[in-house]
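*Asks:* This is the structure I have questions about; it appears just below.
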Amino acid sequence: MQQLPVIAIVGRPNIGKSTVFNRIVGERVSIVEDTPGVTRDRIYGRGEWLTHEFQLIDTGGIEISDEPFLEQIKMQAEIAIEEADVILFLTNGREGVTDTDEEIAKMLYRTKKPVVLGVNKVDYPEMNDVIYDFYSLGFGDPYPVSGSHGRGTGDLLDALVDQFPKEDATVIEEDTIHFSLIGRPNVGKSSLVNALVGEERAIVSNQAGTTTDATDTPFEYEGQKYKIIDTAGMRRKGKVYEKVEKYSVLRAHRAIERSDVVLIVLDGEEGIRDQDKRVAGIAEEAGKGVIFIVNKWDAVEKDTKTMDEFIKLIRYHFAFLEYAPILFVSAKTGQRVKEIYDLVRHVAEKHALRVQSSVLNDVMSDAFARNPAPNDKGRRLKIYYVTQVATKPPTFVVFVNDPQLMHFSYERFILNTLREAFGFEGTPIRLIKRARN
Ligand code: GDP
Ligand code: GDP
């Protein structure tokens with residue numbers, strides 16, 4: 001599985017981190033707003049420069065309330081060191097080097113990761129000389145930029161991209177199913193990992209030279225290779241910031257991007273919270289397979305209706321994930337934990353499913369004959385054909401006379417037809433309307 005390089009921005013408050021972040025990420029941030037349950041997440045975005053795609057983190061957006069100023073900065077620098085491939089250390093050219101800049105520099109000396117030094121608020125070429133002061137921080141050439149005017153970002157991005165890990169280090173493991181367990185702290189993610197990768201199952205060691213996270217857990221079960229992608233609070237408990245919501249959402253984001261299938265772990269005892277919806281929205285938007293795991297089922301007082309009621313609650317709160325299967329388990333007693341493997345495998349298969357064109361054609365022309373597109377003000381939608389253009393998730397293009405004539409309800413009908421015919425449990429399906437001329 002390919003992983004995009006990550007740039008993390010660190011620096012004092014008010015020097016323009018989020019301005020530079022928005023400048024680099026551009027319009028892309030707002031994409032997440034279309035997904036129900038997802039609020040604008042300004043600390044994380046995708047950027048592009050020349051032929052490079054990357055992820056960008058604004059650590060300034062990760063805060064712990066009540067912590068002293070320097071502690072906040074320290075946490076942000078630590079997160080940058082942990083998460084990034086390249087660190088963008090940003091300073092303010094209008095204020096020169098400050099004590100806090102020197103503190104941050106000291107923390108960054110401890111990492112082997114490349115650091116690129118940006119000097120922001122250099123709005124005009126006449127101001128370029130201010131950068132000389134910043135050589136004293138010891139990170140080589142400082143790059144003058146202006147987040148608000150957009151000046152210098154090209155050279156800065158050149159310098160950052162130049163430090164990306166070389167691509168041949170990435171190993172694509174086609175035969176391995178990558179999945180992650182996403183959920184609030186204490187829902188039982190680590191306990192589930194332990195239950196899944198019990199002592200009886202061999203943990204396959206990470207191959208040398210791979211760029212995968214050392215904390216990912218590879219294992220094999222009934223001839224299938226899996227890898228559990230690490231998220232916040234799973235392997236290295238105890239760091240203060242692991243409990244910071246923005247940080248765990250960020251880690252969830254990153255784990256989801258690297259997964260084929262995402263297990264959204266809910267706490268059977270506590271029910272559903274807003275944070276659960278946020279991460280579920282991210283999984284949907286990223287086009288991943290999704291399974292709901294309701295954990296701690298042993299601790300729930302039950303009667304014959306309890307499970308149905310919980311299912312209704314999930315369907316109500318996660319209406320946009322109506323296709324995701326639900327499994328009730330207990331990491332503590334091991335109840336139904338084994339069923340997780342089969343379900344993950346099944347959903348991963350559906351997520352990667354490519355339907356034969358001839359079969360697809362038969363199914364769709366049959367459906368269109370049974371339920372022809374309705375007239376719209378005298379104009380009729382004409383459907384020429386449907387073709388699958390991608391997997392992970394399955395993506396279909398429907399060629400029509402005029403995409404405007406395709407109503408939401410008819411789109412829905414096409415999606416339902418595809419689901420009924422081919423299953424697609426647990427995976428989103430994308431439908432693209434295109435005019436054929
Ligand atoms: P952050 O706290 O580091 O994320 O800083 P912000 O991005 O919120 O910016 C802090 C302030 O600096 C805002 O008032 C911005 O408009 C301003 N600012 C950001 N970048 C520049 C710049 O390149 N030039 C000037 N003159 N002001 C900037
Ligand atoms: P994480 O923060 O999501 O990784 O959660 P942990 O795996 O650390 O579990 C948090 C707490 O819930 C621990 O005290 C676990 O012992 C408890 N726990 C986890 N799974 C279960 C379960 O299936 N049943 C019960 N009763 N407790 C559980």
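By convention here, the chains of the structure tokens are called A, B, ... in the order presented, each chain's residues are numbered starting at 1, and ligands are numbered starting at 1 in the order presented.
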Please list as an mmCIF file with N, CA and C atoms, in the first residue's frame every residue within 9 Å of Leu90 of chain A, counting only C-alpha atoms and excluding residues in the same chain fewer than 3 positions away.

*Replies:*
data_model
loop_
_atom_site.group_PDB
_atom_site.id
_atom_site.type_symbol
_atom_site.label_atom_id
_atom_site.label_comp_id
_atom_site.auth_asym_id
_atom_site.auth_seq_id
_atom_site.Cartn_x
_atom_site.Cartn_y
_atom_site.Cartn_z
ATOM 1 N N ILE A 9 3.928 21.123 9.749
ATOM 2 C CA ILE A 9 4.370 22.488 10.023
ATOM 3 C C ILE A 9 4.437 22.708 11.529
ATOM 4 N N VAL A 10 5.589 23.204 12.004
ATOM 5 C CA VAL A 10 5.694 23.618 13.410
ATOM 6 C C VAL A 10 6.159 25.056 13.486
ATOM 7 N N GLY A 11 5.890 25.682 14.603
ATOM 8 C CA GLY A 11 6.317 27.059 14.809
ATOM 9 C C GLY A 11 5.440 27.715 15.858
ATOM 10 N N ARG A 12 5.895 28.882 16.300
ATOM 11 C CA ARG A 12 5.159 29.624 17.335
ATOM 12 C C ARG A 12 3.762 29.999 16.844
ATOM 13 N N ILE A 15 2.518 33.063 13.645
ATOM 14 C CA ILE A 15 3.526 33.368 12.634
ATOM 15 C C ILE A 15 2.992 33.064 11.240
ATOM 16 N N GLY A 16 1.787 32.493 11.178
ATOM 17 C CA GLY A 16 1.170 32.254 9.871
ATOM 18 C C GLY A 16 1.162 30.805 9.422
ATOM 19 N N LYS A 17 1.201 29.875 10.373
ATOM 20 C CA LYS A 17 1.199 28.446 9.992
ATOM 21 C C LYS A 17 -0.065 28.085 9.222
ATOM 22 N N ASP A 101 11.691 30.366 19.193
ATOM 23 C CA ASP A 101 12.229 29.730 17.983
ATOM 24 C C ASP A 101 13.424 28.856 18.352
ATOM 25 N N VAL A 116 13.074 21.794 7.041
ATOM 26 C CA VAL A 116 13.222 22.926 6.131
ATOM 27 C C VAL A 116 12.736 24.163 6.868
ATOM 28 N N LEU A 117 13.553 25.217 6.820
ATOM 29 C CA LEU A 117 13.243 26.419 7.584
ATOM 30 C C LEU A 117 12.579 27.471 6.691
ATOM 31 N N GLY A 118 11.364 27.849 7.063
ATOM 32 C CA GLY A 118 10.661 28.885 6.311
ATOM 33 C C GLY A 118 10.585 30.156 7.136
ATOM 34 N N VAL A 119 10.777 31.297 6.480
ATOM 35 C CA VAL A 119 10.642 32.586 7.169
ATOM 36 C C VAL A 119 9.427 33.285 6.564
ATOM 37 N N ASN A 120 8.365 33.347 7.348
ATOM 38 C CA ASN A 120 7.104 33.848 6.810
ATOM 39 C C ASN A 120 6.985 35.364 6.984
#

*Asks:* Please identify which residues in segment 61-275 of chain A DSSP calls strand (DSSP E or B) from the backbone, and express them as number ranges by chain.

*Replies:* A: 86-92, 115-120, 143-144, 146, 151, 176-182, 203, 217-221, 224-229, 261-267, 271

*Asks:* Quick one: contact table of chain A to ligand 1, 7 Å max, nearest atom pair and distance in Å to one decimal per residue, counting only C-alpha atoms and all ligand atoms, chain and number order, as a Markdown table?

*Replies:*
| residue | atom | partner | partner_atom_place_in_ligand_line | distance |
| --- | --- | --- | --- | --- |
| A:Gly11 | CA | ligand 1 | 3 (O) | 6.7 |
| A:Arg12 | CA | ligand 1 | 3 (O) | 6.2 |
| A:Pro13 | CA | ligand 1 | 2 (O) | 4.0 |
| A:Asn14 | CA | ligand 1 | 2 (O) | 3.4 |
| A:Ile15 | CA | ligand 1 | 3 (O) | 4.1 |
| A:Gly16 | CA | ligand 1 | 7 (O) | 3.2 |
| A:Lys17 | CA | ligand 1 | 3 (O) | 3.6 |
| A:Ser18 | CA | ligand 1 | 4 (O) | 3.7 |
| A:Thr19 | CA | ligand 1 | 7 (O) | 3.7 |
| A:Val20 | CA | ligand 1 | 7 (O) | 6.5 |
| A:Gly60 | CA | ligand 1 | 4 (O) | 5.9 |
| A:Asn120 | CA | ligand 1 | 23 (O) | 5.3 |
| A:Lys121 | CA | ligand 1 | 23 (O) | 3.5 |
| A:Val122 | CA | ligand 1 | 23 (O) | 6.1 |
| A:Asp123 | CA | ligand 1 | 24 (N) | 5.5 |
| A:Val145 | CA | ligand 1 | 23 (O) | 6.5 |
| A:Ser146 | CA | ligand 1 | 23 (O) | 3.3 |
| A:Gly147 | CA | ligand 1 | 23 (O) | 3.7 |
| A:Ser148 | CA | ligand 1 | 23 (O) | 4.2 |
| A:His149 | CA | ligand 1 | 23 (O) | 5.9 |

*Asks:* Please identify all protein, DNA and RNA residues within 7 Å of ligand 2, counting only C-alpha atoms and all ligand atoms, and report them as JSON, numbers by chain.

*Replies:* {"A": [183, 184, 185, 186, 187, 188, 189, 190, 191, 192, 233, 234, 295, 296, 297, 298, 299, 329, 330, 331, 332, 333]}

*Asks:* Using only C-alpha atoms, what does the table of segment 93-164 of chain A residues within 12 Å of segment 4-8 of chain A look like, with each row giving the shortest atom pair and its distance in Å to one decimal, sorted by chain and ascending number, as a tab-separated table?

*Replies:*
residue	atom	partner	partner_atom	distance
A:Lys113	CA	A:Ile7	CA	10.7
A:Pro114	CA	A:Ile7	CA	10.1
A:Val115	CA	A:Ala8	CA	9.7
A:Val116	CA	A:Ile7	CA	10.0
A:Leu117	CA	A:Ala8	CA	11.9
A:Leu156	CA	A:Ile7	CA	11.9
A:Leu157	CA	A:Ile7	CA	10.1
A:Ala159	CA	A:Ile7	CA	11.6
A:Leu160	CA	A:Ile7	CA	7.8
A:Val161	CA	A:Pro5	CA	8.9
A:Asp162	CA	A:Pro5	CA	11.4
A:Gln163	CA	A:Pro5	CA	9.8
A:Phe164	CA	A:Pro5	CA	6.5

*Asks:* Atoms to include: N, CA and C atoms. Write the selected residues as a compact mmCIF listing (two decimals), in the first residue's frame.

*Replies:*
# COMPACT_ATOMS: atom_id res chain seq x y z
N LYS A 113 14.90 13.43 11.07
CA LYS A 113 14.08 13.80 9.92
C LYS A 113 14.52 15.15 9.36
N PRO A 114 14.42 15.31 8.05
CA PRO A 114 14.83 16.58 7.45
C PRO A 114 13.94 17.74 7.89
N VAL A 115 14.58 18.88 8.16
CA VAL A 115 13.85 20.08 8.56
C VAL A 115 14.13 21.17 7.53
N VAL A 116 13.07 21.79 7.04
CA VAL A 116 13.22 22.93 6.13
C VAL A 116 12.74 24.16 6.87
N LEU A 117 13.55 25.22 6.82
CA LEU A 117 13.24 26.42 7.58
C LEU A 117 12.58 27.47 6.69
N LEU A 156 9.93 27.12 -1.60
CA LEU A 156 9.79 26.38 -0.34
C LEU A 156 9.33 24.94 -0.62
N LEU A 157 8.33 24.81 -1.49
CA LEU A 157 7.83 23.48 -1.82
C LEU A 157 8.89 22.65 -2.55
N ALA A 159 12.04 22.79 -1.99
CA ALA A 159 12.96 22.33 -0.94
C ALA A 159 12.34 21.19 -0.14
N LEU A 160 11.06 21.28 0.14
CA LEU A 160 10.38 20.24 0.92
C LEU A 160 10.30 18.92 0.15
N VAL A 161 9.86 19.05 -1.11
CA VAL A 161 9.66 17.86 -1.95
C VAL A 161 11.00 17.15 -2.18
N ASP A 162 12.06 17.95 -2.24
CA ASP A 162 13.39 17.41 -2.44
C ASP A 162 13.80 16.45 -1.32
N GLN A 163 13.19 16.64 -0.15
CA GLN A 163 13.54 15.83 1.03
C GLN A 163 12.64 14.61 1.21
N PHE A 164 11.70 14.42 0.32
CA PHE A 164 10.80 13.28 0.47
C PHE A 164 11.57 11.97 0.38

*Asks:* Can you pull out every residue within 8 Å of Asp260 of chain A, counting only C-alpha atoms, but drop anything in the same chain fewer than 3 positions away, and send it as a PyMOL selection string?

*Replies:* chain A and resi 177-179+256+288-289+348+351+392

*Asks:* Between A:Leu266, A:Val359, A:Ala84, A:Val193, which residue has the minimum interatomic distance to Ile314 of chain A, considering only C-alpha atoms?

*Replies:*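 Answer, going by the shortest atom-to-atom distance: A:Leu266.
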
*Asks:* Please compute the atom CA of Val262 of chain A-atom CA of Val300 of chain A distance, one decimal, in Å.

*Replies:*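 Taking atom CA of Val262 of chain A and atom CA of Val300 of chain A, their separation equals 24.0 Å.
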
*Asks:* Using Å and a single decimal, report how far atom CA of Ile104 of chain A sits from atom CA of Val130 of chain A.

*Replies:*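 Calculated distance between atom CA of Val130 of chain A and atom CA of Ile104 of chain A is 19.4 Å.
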
*Asks:* Choose the residue, out of A:Leu431, A:Ser365, A:Gly96, A:Phe320, that has the smallest atom-to-atom separation from Gln388 of chain A; count only C-alpha atoms.

*Replies:*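 Ranked by minimum distance to Gln388 of chain A, first place goes to A:Leu431.
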
*Asks:* Restricting the calculation to only C-alpha atoms, which member of A:Lys382, A:Arg354, A:Arg251, A:His346 is positioned closest to Asn437 of chain A?

*Replies:*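 Among the listed residues, the smallest separation from Asn437 of chain A belongs to A:Lys382.
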